[in-house]
Amino acid sequence: MKINISFSFVSPVFANKSQTIKELSEAINAIVSSNNYGESIEKLLIGLIAVEPIYDKFANPRRPRYTEHKEIVVFGSIPIVINKTLEIEIKLDYEQVLAAEGEELRKIVAEEVLNTLQNTKPPKKVTDFNKDRFVADVESFFKSEHLVD
């Protein structure tokens, strides 16, 4: 399984923060991609949302969504296949993210991701995902990087 963490921002103010999150995502991918957590989930997408307060009512995180198999065609001819993908969205505090840089930003993201993973119940279609082991691996990675206590 591969985990992808991506920012979803309304404000261009956060363009300089995406590299920090990309590096964190790549480090987590290196850890979890070598382990088997079951066959139900091949890809976990975590979207991080931080928007200016005036846009708050438009940027509520959606419930976790699971797509077992879906084929779509974009631009009239480019096929995209989505298999066994779980999508989770996390809303971050705008002011906190705006003020954070580097290690502080990594800590904010790590705490929110870990908290969300611990509290999210997998959809019913996800039958053999070892959530406890996955969360434990992510938590141990964050602890080894001194991002969570």
# chains A, B, ... in the order shown; residues from 1 in each chain; ligands from 1
$ residues_around --residues "stretch 144-149 of chain A" --least-positions-apart "6" --cutoff "9 Å" --atoms "only C-alpha atoms" --output "list in words"
Glu103, Glu104, Arg106, Lys107, Ile108, Val109, Ala110, Glu111 and Leu114 of chain A
$ closest_atom_pairs --of "stretch 58-147 of chain A" --to "stretch 38-46 of chain A" --cutoff "8 Å" --atoms "only C-alpha atoms" --output "CSV"
residue,atom,partner,partner_atom,distance
A:Asn83,CA,A:Glu42,CA,7.1
A:Lys84,CA,A:Ile41,CA,4.9
A:Thr85,CA,A:Lys43,CA,4.8
A:Leu86,CA,A:Leu44,CA,4.9
A:Glu87,CA,A:Leu45,CA,4.7
A:Ile88,CA,A:Ile46,CA,4.9
A:Glu89,CA,A:Ile46,CA,5.6
A:Ile90,CA,A:Ile46,CA,7.3
A:Lys125,CA,A:Ser40,CA,7.9
A:Val126,CA,A:Ser40,CA,5.3
A:Thr127,CA,A:Ser40,CA,6.3
A:Asp128,CA,A:Gly38,CA,5.3
A:Phe129,CA,A:Gly38,CA,4.7
A:Asn130,CA,A:Gly38,CA,6.2
$ select_by_dssp --residues "chain A" --states "alpha helix (DSSP H)" --output "PyMOL selection string"
chain A and resi 18-32+94-99+102-119+131-144
$ atom_distance --atom1 "atom CA of A:Ile80" --atom2 "atom CA of A:Ile21"
24.9 Å
$ select_by_dssp --residues "stretch 17-111 of chain A" --states "strand (DSSP E or B)" --output "PDB file with N, CA, C and O atoms, in the first residue's frame"
ATOM      1  N   LYS A  43      -4.164   2.169  -1.964  1.00  0.00           N
ATOM      2  CA  LYS A  43      -3.707   3.554  -1.890  1.00  0.00           C
ATOM      3  C   LYS A  43      -4.547   4.309  -0.875  1.00  0.00           C
ATOM      4  O   LYS A  43      -5.756   4.176  -0.847  1.00  0.00           O
ATOM      5  N   LEU A  44      -3.873   5.086  -0.039  1.00  0.00           N
ATOM      6  CA  LEU A  44      -4.539   5.937   0.935  1.00  0.00           C
ATOM      7  C   LEU A  44      -4.164   7.376   0.617  1.00  0.00           C
ATOM      8  O   LEU A  44      -2.995   7.731   0.625  1.00  0.00           O
ATOM      9  N   LEU A  45      -5.160   8.167   0.304  1.00  0.00           N
ATOM     10  CA  LEU A  45      -4.934   9.570  -0.016  1.00  0.00           C
ATOM     11  C   LEU A  45      -5.433  10.422   1.142  1.00  0.00           C
ATOM     12  O   LEU A  45      -6.589  10.304   1.538  1.00  0.00           O
ATOM     13  N   ILE A  46      -4.553  11.249   1.670  1.00  0.00           N
ATOM     14  CA  ILE A  46      -4.935  12.134   2.764  1.00  0.00           C
ATOM     15  C   ILE A  46      -4.815  13.559   2.268  1.00  0.00           C
ATOM     16  O   ILE A  46      -3.724  14.026   1.953  1.00  0.00           O
ATOM     17  N   GLY A  47      -5.941  14.237   2.171  1.00  0.00           N
ATOM     18  CA  GLY A  47      -5.964  15.623   1.724  1.00  0.00           C
ATOM     19  C   GLY A  47      -5.995  16.549   2.921  1.00  0.00           C
ATOM     20  O   GLY A  47      -6.795  16.383   3.831  1.00  0.00           O
ATOM     21  N   LEU A  48      -5.099  17.519   2.942  1.00  0.00           N
ATOM     22  CA  LEU A  48      -5.028  18.487   4.031  1.00  0.00           C
ATOM     23  C   LEU A  48      -5.606  19.805   3.546  1.00  0.00           C
ATOM     24  O   LEU A  48      -5.166  20.341   2.533  1.00  0.00           O
ATOM     25  N   ILE A  49      -6.584  20.306   4.274  1.00  0.00           N
ATOM     26  CA  ILE A  49      -7.287  21.518   3.863  1.00  0.00           C
ATOM     27  C   ILE A  49      -7.006  22.626   4.879  1.00  0.00           C
ATOM     28  O   ILE A  49      -7.197  22.427   6.081  1.00  0.00           O
ATOM     29  N   ALA A  50      -6.565  23.754   4.397  1.00  0.00           N
ATOM     30  CA  ALA A  50      -6.407  24.942   5.240  1.00  0.00           C
ATOM     31  C   ALA A  50      -6.808  26.137   4.386  1.00  0.00           C
ATOM     32  O   ALA A  50      -6.165  26.425   3.387  1.00  0.00           O
ATOM     33  N   ARG A  65     -13.954   8.294   1.910  1.00  0.00           N
ATOM     34  CA  ARG A  65     -14.558   7.632   0.749  1.00  0.00           C
ATOM     35  C   ARG A  65     -13.653   6.504   0.282  1.00  0.00           C
ATOM     36  O   ARG A  65     -12.435   6.672   0.186  1.00  0.00           O
ATOM     37  N   TYR A  66     -14.285   5.379  -0.041  1.00  0.00           N
ATOM     38  CA  TYR A  66     -13.557   4.226  -0.543  1.00  0.00           C
ATOM     39  C   TYR A  66     -14.024   3.924  -1.958  1.00  0.00           C
ATOM     40  O   TYR A  66     -15.224   3.843  -2.220  1.00  0.00           O
ATOM     41  N   THR A  67     -13.085   3.785  -2.865  1.00  0.00           N
ATOM     42  CA  THR A  67     -13.396   3.428  -4.246  1.00  0.00           C
ATOM     43  C   THR A  67     -12.729   2.089  -4.535  1.00  0.00           C
ATOM     44  O   THR A  67     -11.502   1.990  -4.538  1.00  0.00           O
ATOM     45  N   GLU A  68     -13.557   1.069  -4.768  1.00  0.00           N
ATOM     46  CA  GLU A  68     -13.009  -0.258  -5.041  1.00  0.00           C
ATOM     47  C   GLU A  68     -12.437  -0.335  -6.454  1.00  0.00           C
ATOM     48  O   GLU A  68     -11.327  -0.811  -6.654  1.00  0.00           O
ATOM     49  N   HIS A  69     -13.212   0.137  -7.429  1.00  0.00           N
ATOM     50  CA  HIS A  69     -12.737   0.164  -8.815  1.00  0.00           C
ATOM     51  C   HIS A  69     -13.544   1.193  -9.587  1.00  0.00           C
ATOM     52  O   HIS A  69     -14.776   1.189  -9.537  1.00  0.00           O
ATOM     53  N   LYS A  70     -12.842   2.053 -10.300  1.00  0.00           N
ATOM     54  CA  LYS A  70     -13.513   3.068 -11.095  1.00  0.00           C
ATOM     55  C   LYS A  70     -12.610   3.439 -12.260  1.00  0.00           C
ATOM     56  O   LYS A  70     -11.412   3.656 -12.085  1.00  0.00           O
ATOM     57  N   GLU A  71     -13.195   3.492 -13.428  1.00  0.00           N
ATOM     58  CA  GLU A  71     -12.468   3.917 -14.628  1.00  0.00           C
ATOM     59  C   GLU A  71     -13.124   5.185 -15.147  1.00  0.00           C
ATOM     60  O   GLU A  71     -14.333   5.215 -15.352  1.00  0.00           O
ATOM     61  N   ILE A  72     -12.318   6.205 -15.350  1.00  0.00           N
ATOM     62  CA  ILE A  72     -12.829   7.455 -15.899  1.00  0.00           C
ATOM     63  C   ILE A  72     -11.941   7.887 -17.058  1.00  0.00           C
ATOM     64  O   ILE A  72     -10.780   7.511 -17.142  1.00  0.00           O
ATOM     65  N   VAL A  73     -12.517   8.659 -17.947  1.00  0.00           N
ATOM     66  CA  VAL A  73     -11.778   9.181 -19.100  1.00  0.00           C
ATOM     67  C   VAL A  73     -11.750  10.700 -18.953  1.00  0.00           C
ATOM     68  O   VAL A  73     -12.788  11.341 -18.827  1.00  0.00           O
ATOM     69  N   VAL A  74     -10.547  11.259 -18.968  1.00  0.00           N
ATOM     70  CA  VAL A  74     -10.402  12.709 -18.863  1.00  0.00           C
ATOM     71  C   VAL A  74      -9.893  13.264 -20.185  1.00  0.00           C
ATOM     72  O   VAL A  74      -9.194  12.584 -20.934  1.00  0.00           O
ATOM     73  N   ILE A  78      -7.936  10.197 -22.222  1.00  0.00           N
ATOM     74  CA  ILE A  78      -6.942   9.695 -21.272  1.00  0.00           C
ATOM     75  C   ILE A  78      -7.664   8.894 -20.182  1.00  0.00           C
ATOM     76  O   ILE A  78      -8.392   9.461 -19.372  1.00  0.00           O
ATOM     77  N   PRO A  79      -7.455   7.558 -20.166  1.00  0.00           N
ATOM     78  CA  PRO A  79      -8.134   6.739 -19.164  1.00  0.00           C
ATOM     79  C   PRO A  79      -7.395   6.775 -17.819  1.00  0.00           C
ATOM     80  O   PRO A  79      -6.165   6.726 -17.768  1.00  0.00           O
ATOM     81  N   ILE A  80      -8.161   6.881 -16.746  1.00  0.00           N
ATOM     82  CA  ILE A  80      -7.602   6.822 -15.402  1.00  0.00           C
ATOM     83  C   ILE A  80      -8.357   5.737 -14.648  1.00  0.00           C
ATOM     84  O   ILE A  80      -9.587   5.696 -14.660  1.00  0.00           O
ATOM     85  N   VAL A  81      -7.606   4.842 -13.996  1.00  0.00           N
ATOM     86  CA  VAL A  81      -8.198   3.751 -13.241  1.00  0.00           C
ATOM     87  C   VAL A  81      -7.884   3.963 -11.765  1.00  0.00           C
ATOM     88  O   VAL A  81      -6.733   4.158 -11.389  1.00  0.00           O
ATOM     89  N   ILE A  82      -8.924   3.918 -10.944  1.00  0.00           N
ATOM     90  CA  ILE A  82      -8.775   4.053  -9.499  1.00  0.00           C
ATOM     91  C   ILE A  82      -9.139   2.708  -8.884  1.00  0.00           C
ATOM     92  O   ILE A  82     -10.253   2.229  -9.055  1.00  0.00           O
ATOM     93  N   ASN A  83      -8.193   2.091  -8.165  1.00  0.00           N
ATOM     94  CA  ASN A  83      -8.413   0.784  -7.546  1.00  0.00           C
ATOM     95  C   ASN A  83      -8.168   0.848  -6.055  1.00  0.00           C
ATOM     96  O   ASN A  83      -7.140   1.376  -5.620  1.00  0.00           O
ATOM     97  N   LYS A  84      -9.086   0.311  -5.280  1.00  0.00           N
ATOM     98  CA  LYS A  84      -8.924   0.126  -3.844  1.00  0.00           C
ATOM     99  C   LYS A  84      -8.272   1.333  -3.176  1.00  0.00           C
ATOM    100  O   LYS A  84      -7.212   1.240  -2.570  1.00  0.00           O
ATOM    101  N   THR A  85      -8.932   2.473  -3.288  1.00  0.00           N
ATOM    102  CA  THR A  85      -8.397   3.735  -2.785  1.00  0.00           C
ATOM    103  C   THR A  85      -9.291   4.293  -1.686  1.00  0.00           C
ATOM    104  O   THR A  85     -10.495   4.423  -1.862  1.00  0.00           O
ATOM    105  N   LEU A  86      -8.677   4.631  -0.562  1.00  0.00           N
ATOM    106  CA  LEU A  86      -9.375   5.274   0.543  1.00  0.00           C
ATOM    107  C   LEU A  86      -8.922   6.729   0.598  1.00  0.00           C
ATOM    108  O   LEU A  86      -7.724   7.012   0.615  1.00  0.00           O
ATOM    109  N   GLU A  87      -9.897   7.645   0.576  1.00  0.00           N
ATOM    110  CA  GLU A  87      -9.603   9.076   0.616  1.00  0.00           C
ATOM    111  C   GLU A  87     -10.098   9.659   1.933  1.00  0.00           C
ATOM    112  O   GLU A  87     -11.250   9.451   2.308  1.00  0.00           O
ATOM    113  N   ILE A  88      -9.207  10.369   2.609  1.00  0.00           N
ATOM    114  CA  ILE A  88      -9.537  11.013   3.878  1.00  0.00           C
ATOM    115  C   ILE A  88      -9.131  12.481   3.775  1.00  0.00           C
ATOM    116  O   ILE A  88      -8.054  12.791   3.273  1.00  0.00           O
ATOM    117  N   GLU A  89     -10.003  13.359   4.245  1.00  0.00           N
ATOM    118  CA  GLU A  89      -9.675  14.783   4.259  1.00  0.00           C
ATOM    119  C   GLU A  89      -9.573  15.269   5.701  1.00  0.00           C
ATOM    120  O   GLU A  89     -10.364  14.877   6.556  1.00  0.00           O
ATOM    121  N   ILE A  90      -8.586  16.139   5.938  1.00  0.00           N
ATOM    122  CA  ILE A  90      -8.341  16.692   7.265  1.00  0.00           C
ATOM    123  C   ILE A  90      -8.298  18.206   7.146  1.00  0.00           C
ATOM    124  O   ILE A  90      -7.577  18.745   6.297  1.00  0.00           O
ATOM    125  N   LYS A  91      -9.043  18.867   7.999  1.00  0.00           N
ATOM    126  CA  LYS A  91      -9.036  20.332   7.992  1.00  0.00           C
ATOM    127  C   LYS A  91      -8.064  20.830   9.060  1.00  0.00           C
ATOM    128  O   LYS A  91      -8.165  20.459  10.223  1.00  0.00           O
TER     129      LYS A  91
END
$ atom_distance --atom1 "atom CA of A:Val135" --atom2 "atom CA of A:Phe58"
29.6 Å
$ residues_around --residues "A:Ala136" --least-positions-apart "3" --cutoff "12 Å" --atoms "only C-alpha atoms" --output "MDAnalysis selection string"
chainID A and resid 31:32 37 114:115 117:118 130:133 139:143
$ write_last_selection --atoms "all heavy atoms" --output "compact mmCIF listing (two decimals), in the first residue's frame"
# COMPACT_ATOMS: atom_id res chain seq x y z
N ILE A 31 8.32 3.96 4.44
CA ILE A 31 8.09 3.07 5.58
C ILE A 31 6.94 2.10 5.31
O ILE A 31 7.08 0.90 5.45
CB ILE A 31 7.80 3.88 6.86
CG1 ILE A 31 8.95 4.82 7.21
CG2 ILE A 31 7.45 2.97 8.03
CD1 ILE A 31 10.26 4.13 7.53
N VAL A 32 5.78 2.64 4.92
CA VAL A 32 4.58 1.79 4.83
C VAL A 32 4.49 0.98 3.54
O VAL A 32 3.81 -0.03 3.51
CB VAL A 32 3.27 2.60 5.03
CG1 VAL A 32 3.25 3.23 6.41
CG2 VAL A 32 3.07 3.61 3.95
N TYR A 37 -0.60 -4.55 4.77
CA TYR A 37 -1.67 -4.29 5.73
C TYR A 37 -2.99 -4.90 5.29
O TYR A 37 -4.02 -4.60 5.87
CB TYR A 37 -1.84 -2.77 5.91
CG TYR A 37 -0.59 -2.10 6.40
CD1 TYR A 37 0.21 -1.39 5.52
CD2 TYR A 37 -0.20 -2.19 7.72
CE1 TYR A 37 1.37 -0.78 5.96
CE2 TYR A 37 0.97 -1.58 8.16
CZ TYR A 37 1.74 -0.88 7.28
OH TYR A 37 2.89 -0.28 7.72
N LEU A 114 -2.10 11.61 12.45
CA LEU A 114 -2.15 10.50 13.39
C LEU A 114 -3.48 10.47 14.14
O LEU A 114 -4.11 9.41 14.27
CB LEU A 114 -0.98 10.59 14.38
CG LEU A 114 -0.83 9.40 15.32
CD1 LEU A 114 -0.64 8.10 14.52
CD2 LEU A 114 0.35 9.62 16.24
N ASN A 115 -3.94 11.61 14.60
CA ASN A 115 -5.22 11.69 15.31
C ASN A 115 -6.36 11.22 14.41
O ASN A 115 -7.24 10.46 14.83
CB ASN A 115 -5.46 13.13 15.80
CG ASN A 115 -6.71 13.24 16.63
OD1 ASN A 115 -7.01 12.38 17.45
ND2 ASN A 115 -7.45 14.31 16.41
N LEU A 117 -6.18 9.24 11.69
CA LEU A 117 -6.05 7.81 11.41
C LEU A 117 -6.54 6.97 12.58
O LEU A 117 -7.19 5.94 12.39
CB LEU A 117 -4.61 7.45 11.06
CG LEU A 117 -4.10 7.95 9.72
CD1 LEU A 117 -2.62 7.63 9.56
CD2 LEU A 117 -4.89 7.37 8.56
N GLN A 118 -6.23 7.40 13.79
CA GLN A 118 -6.65 6.66 14.98
C GLN A 118 -8.17 6.68 15.14
O GLN A 118 -8.75 5.70 15.60
CB GLN A 118 -5.99 7.24 16.24
CG GLN A 118 -4.52 6.96 16.31
CD GLN A 118 -3.82 7.72 17.43
OE1 GLN A 118 -4.30 8.75 17.89
NE2 GLN A 118 -2.68 7.21 17.86
N ASN A 130 -5.46 -4.01 8.08
CA ASN A 130 -4.95 -4.07 9.45
C ASN A 130 -4.67 -2.64 9.91
O ASN A 130 -3.53 -2.17 9.91
CB ASN A 130 -3.70 -4.93 9.52
CG ASN A 130 -3.29 -5.22 10.94
OD1 ASN A 130 -3.68 -4.53 11.87
ND2 ASN A 130 -2.47 -6.25 11.09
N LYS A 131 -5.73 -1.95 10.31
CA LYS A 131 -5.64 -0.54 10.69
C LYS A 131 -4.72 -0.34 11.89
O LYS A 131 -3.91 0.59 11.92
CB LYS A 131 -7.02 0.02 10.99
CG LYS A 131 -7.01 1.45 11.46
CD LYS A 131 -8.35 1.90 11.98
CE LYS A 131 -8.16 3.16 12.78
NZ LYS A 131 -9.30 3.49 13.57
N ASP A 132 -4.84 -1.20 12.89
CA ASP A 132 -4.04 -1.04 14.11
C ASP A 132 -2.54 -1.10 13.82
O ASP A 132 -1.77 -0.28 14.32
CB ASP A 132 -4.42 -2.11 15.14
CG ASP A 132 -5.85 -1.96 15.63
OD1 ASP A 132 -6.36 -0.82 15.61
OD2 ASP A 132 -6.45 -2.97 16.02
N ARG A 133 -2.14 -2.03 12.99
CA ARG A 133 -0.72 -2.15 12.64
C ARG A 133 -0.27 -0.95 11.79
O ARG A 133 0.83 -0.42 11.98
CB ARG A 133 -0.47 -3.45 11.88
CG ARG A 133 0.99 -3.70 11.65
CD ARG A 133 1.26 -5.13 11.20
NE ARG A 133 2.44 -5.10 10.36
CZ ARG A 133 2.54 -5.59 9.16
NH1 ARG A 133 1.51 -6.20 8.62
NH2 ARG A 133 3.65 -5.50 8.47
N GLU A 139 2.67 5.93 13.58
CA GLU A 139 3.00 6.58 14.85
C GLU A 139 4.47 6.39 15.21
O GLU A 139 5.14 7.34 15.63
CB GLU A 139 2.11 6.02 15.97
CG GLU A 139 2.35 6.68 17.30
CD GLU A 139 1.39 6.18 18.38
OE1 GLU A 139 0.76 5.13 18.19
OE2 GLU A 139 1.30 6.86 19.41
N SER A 140 5.00 5.18 15.01
CA SER A 140 6.41 4.95 15.33
C SER A 140 7.32 5.77 14.41
O SER A 140 8.36 6.26 14.85
CB SER A 140 6.75 3.46 15.28
OG SER A 140 6.81 2.99 13.96
N PHE A 141 6.91 5.94 13.15
CA PHE A 141 7.69 6.80 12.25
C PHE A 141 7.69 8.24 12.76
O PHE A 141 8.74 8.88 12.84
CB PHE A 141 7.15 6.76 10.82
CG PHE A 141 7.73 7.83 9.96
CD1 PHE A 141 9.02 7.72 9.49
CD2 PHE A 141 7.00 8.97 9.66
CE1 PHE A 141 9.59 8.74 8.71
CE2 PHE A 141 7.54 9.98 8.88
CZ PHE A 141 8.84 9.87 8.41
N PHE A 142 6.51 8.76 13.10
CA PHE A 142 6.42 10.14 13.60
C PHE A 142 7.22 10.31 14.89
O PHE A 142 7.86 11.33 15.09
CB PHE A 142 4.96 10.54 13.83
CG PHE A 142 4.19 10.80 12.56
CD1 PHE A 142 2.81 10.63 12.52
CD2 PHE A 142 4.81 11.23 11.40
CE1 PHE A 142 2.08 10.89 11.37
CE2 PHE A 142 4.10 11.48 10.23
CZ PHE A 142 2.74 11.32 10.22
N LYS A 143 7.19 9.31 15.77
CA LYS A 143 7.98 9.39 17.01
C LYS A 143 9.47 9.37 16.71
O LYS A 143 10.23 10.09 17.34
CB LYS A 143 7.59 8.25 17.95
CG LYS A 143 6.26 8.50 18.63
CD LYS A 143 5.93 7.39 19.60
CE LYS A 143 4.62 7.70 20.32
NZ LYS A 143 4.25 6.67 21.28
$ atom_distance --atom1 "atom CA of A:Pro123" --atom2 "atom CA of A:Arg63"
10.0 Å
$ closest_residue --among "A:Ile54, A:Leu105, A:Ile28, A:Leu98" --to "A:Phe134" --atoms "only C-alpha atoms"
A:Ile28
$ closest_residue --among "A:Asn16, A:Glu101, A:Leu92, A:Asp137" --to "A:Pro53" --atoms "only C-alpha atoms"
A:Leu92
$ closest_residue --among "A:Gly102, A:Pro122, A:Gly76, A:Tyr94" --to "A:Tyr55" --atoms "only C-alpha atoms"
A:Tyr94
$ closest_residue --among "A:Glu95, A:Asn119, A:Asn29, A:Thr20" --to "A:Glu52" --atoms "only C-alpha atoms"
A:Glu95
$ closest_residue --among "A:Ala59, A:Lys17, A:Gln96, A:Pro64" --to "A:Lys124" --atoms "only C-alpha atoms"
A:Pro64
$ decode --residues "stretch 15-25 of chain A" --atoms "all heavy atoms" --output "mmCIF file, in the first residue's frame"
data_model
loop_
_atom_site.group_PDB
_atom_site.id
_atom_site.type_symbol
_atom_site.label_atom_id
_atom_site.label_comp_id
_atom_site.auth_asym_id
_atom_site.auth_seq_id
_atom_site.Cartn_x
_atom_site.Cartn_y
_atom_site.Cartn_z
ATOM 1 N N ALA A 15 1.902 27.921 -1.105
ATOM 2 C CA ALA A 15 2.705 27.287 -2.149
ATOM 3 C C ALA A 15 4.094 26.901 -1.643
ATOM 4 O O ALA A 15 4.622 25.850 -2.007
ATOM 5 C CB ALA A 15 2.819 28.212 -3.355
ATOM 6 N N ASN A 16 4.674 27.698 -0.777
ATOM 7 C CA ASN A 16 6.012 27.421 -0.276
ATOM 8 C C ASN A 16 6.035 26.301 0.767
ATOM 9 O O ASN A 16 7.093 25.816 1.123
ATOM 10 C CB ASN A 16 6.638 28.687 0.305
ATOM 11 C CG ASN A 16 5.872 29.216 1.501
ATOM 12 O OD1 ASN A 16 4.683 28.950 1.662
ATOM 13 N ND2 ASN A 16 6.542 29.983 2.339
ATOM 14 N N LYS A 17 4.905 25.871 1.263
ATOM 15 C CA LYS A 17 4.837 24.832 2.285
ATOM 16 C C LYS A 17 4.660 23.433 1.694
ATOM 17 O O LYS A 17 4.849 22.446 2.382
ATOM 18 C CB LYS A 17 3.710 25.135 3.267
ATOM 19 C CG LYS A 17 3.923 26.477 3.970
ATOM 20 C CD LYS A 17 2.875 26.738 4.988
ATOM 21 C CE LYS A 17 2.977 28.127 5.556
ATOM 22 N NZ LYS A 17 4.139 28.418 6.346
ATOM 23 N N SER A 18 4.327 23.349 0.432
ATOM 24 C CA SER A 18 4.043 22.045 -0.167
ATOM 25 C C SER A 18 5.274 21.152 -0.229
ATOM 26 O O SER A 18 5.152 19.935 -0.137
ATOM 27 C CB SER A 18 3.424 22.212 -1.550
ATOM 28 O OG SER A 18 4.317 22.872 -2.413
ATOM 29 N N GLN A 19 6.465 21.710 -0.368
ATOM 30 C CA GLN A 19 7.688 20.905 -0.427
ATOM 31 C C GLN A 19 7.919 20.177 0.899
ATOM 32 O O GLN A 19 8.301 19.013 0.914
ATOM 33 C CB GLN A 19 8.904 21.765 -0.785
ATOM 34 C CG GLN A 19 10.176 20.977 -0.966
ATOM 35 C CD GLN A 19 10.083 19.948 -2.087
ATOM 36 O OE1 GLN A 19 9.411 20.128 -3.088
ATOM 37 N NE2 GLN A 19 10.752 18.823 -1.895
ATOM 38 N N THR A 20 7.659 20.844 2.008
ATOM 39 C CA THR A 20 7.810 20.221 3.330
ATOM 40 C C THR A 20 6.880 19.018 3.452
ATOM 41 O O THR A 20 7.283 17.959 3.932
ATOM 42 C CB THR A 20 7.485 21.251 4.442
ATOM 43 O OG1 THR A 20 8.380 22.355 4.309
ATOM 44 C CG2 THR A 20 7.624 20.645 5.822
ATOM 45 N N ILE A 21 5.646 19.172 3.004
ATOM 46 C CA ILE A 21 4.664 18.091 3.093
ATOM 47 C C ILE A 21 5.006 16.968 2.116
ATOM 48 O O ILE A 21 4.852 15.794 2.426
ATOM 49 C CB ILE A 21 3.243 18.618 2.841
ATOM 50 C CG1 ILE A 21 2.901 19.682 3.886
ATOM 51 C CG2 ILE A 21 2.227 17.506 2.854
ATOM 52 C CD1 ILE A 21 3.124 19.261 5.320
ATOM 53 N N LYS A 22 5.511 17.317 0.946
ATOM 54 C CA LYS A 22 5.907 16.305 -0.028
ATOM 55 C C LYS A 22 7.027 15.433 0.536
ATOM 56 O O LYS A 22 7.007 14.215 0.403
ATOM 57 C CB LYS A 22 6.357 16.978 -1.329
ATOM 58 C CG LYS A 22 6.754 15.996 -2.399
ATOM 59 C CD LYS A 22 7.177 16.701 -3.661
ATOM 60 C CE LYS A 22 7.617 15.679 -4.686
ATOM 61 N NZ LYS A 22 8.250 16.288 -5.835
ATOM 62 N N GLU A 23 7.995 16.051 1.195
ATOM 63 C CA GLU A 23 9.094 15.289 1.804
ATOM 64 C C GLU A 23 8.591 14.375 2.915
ATOM 65 O O GLU A 23 9.029 13.236 3.039
ATOM 66 C CB GLU A 23 10.156 16.247 2.337
ATOM 67 C CG GLU A 23 10.904 16.972 1.244
ATOM 68 C CD GLU A 23 11.745 18.132 1.751
ATOM 69 O OE1 GLU A 23 11.792 18.357 2.986
ATOM 70 O OE2 GLU A 23 12.356 18.813 0.913
ATOM 71 N N LEU A 24 7.648 14.872 3.723
ATOM 72 C CA LEU A 24 7.066 14.055 4.782
ATOM 73 C C LEU A 24 6.305 12.876 4.183
ATOM 74 O O LEU A 24 6.432 11.740 4.637
ATOM 75 C CB LEU A 24 6.137 14.904 5.650
ATOM 76 C CG LEU A 24 5.467 14.214 6.838
ATOM 77 C CD1 LEU A 24 6.511 13.685 7.811
ATOM 78 C CD2 LEU A 24 4.529 15.176 7.536
ATOM 79 N N SER A 25 5.548 13.125 3.135
ATOM 80 C CA SER A 25 4.803 12.074 2.452
ATOM 81 C C SER A 25 5.736 11.004 1.894
ATOM 82 O O SER A 25 5.482 9.804 2.041
ATOM 83 C CB SER A 25 3.971 12.684 1.324
ATOM 84 O OG SER A 25 3.325 11.694 0.581
#
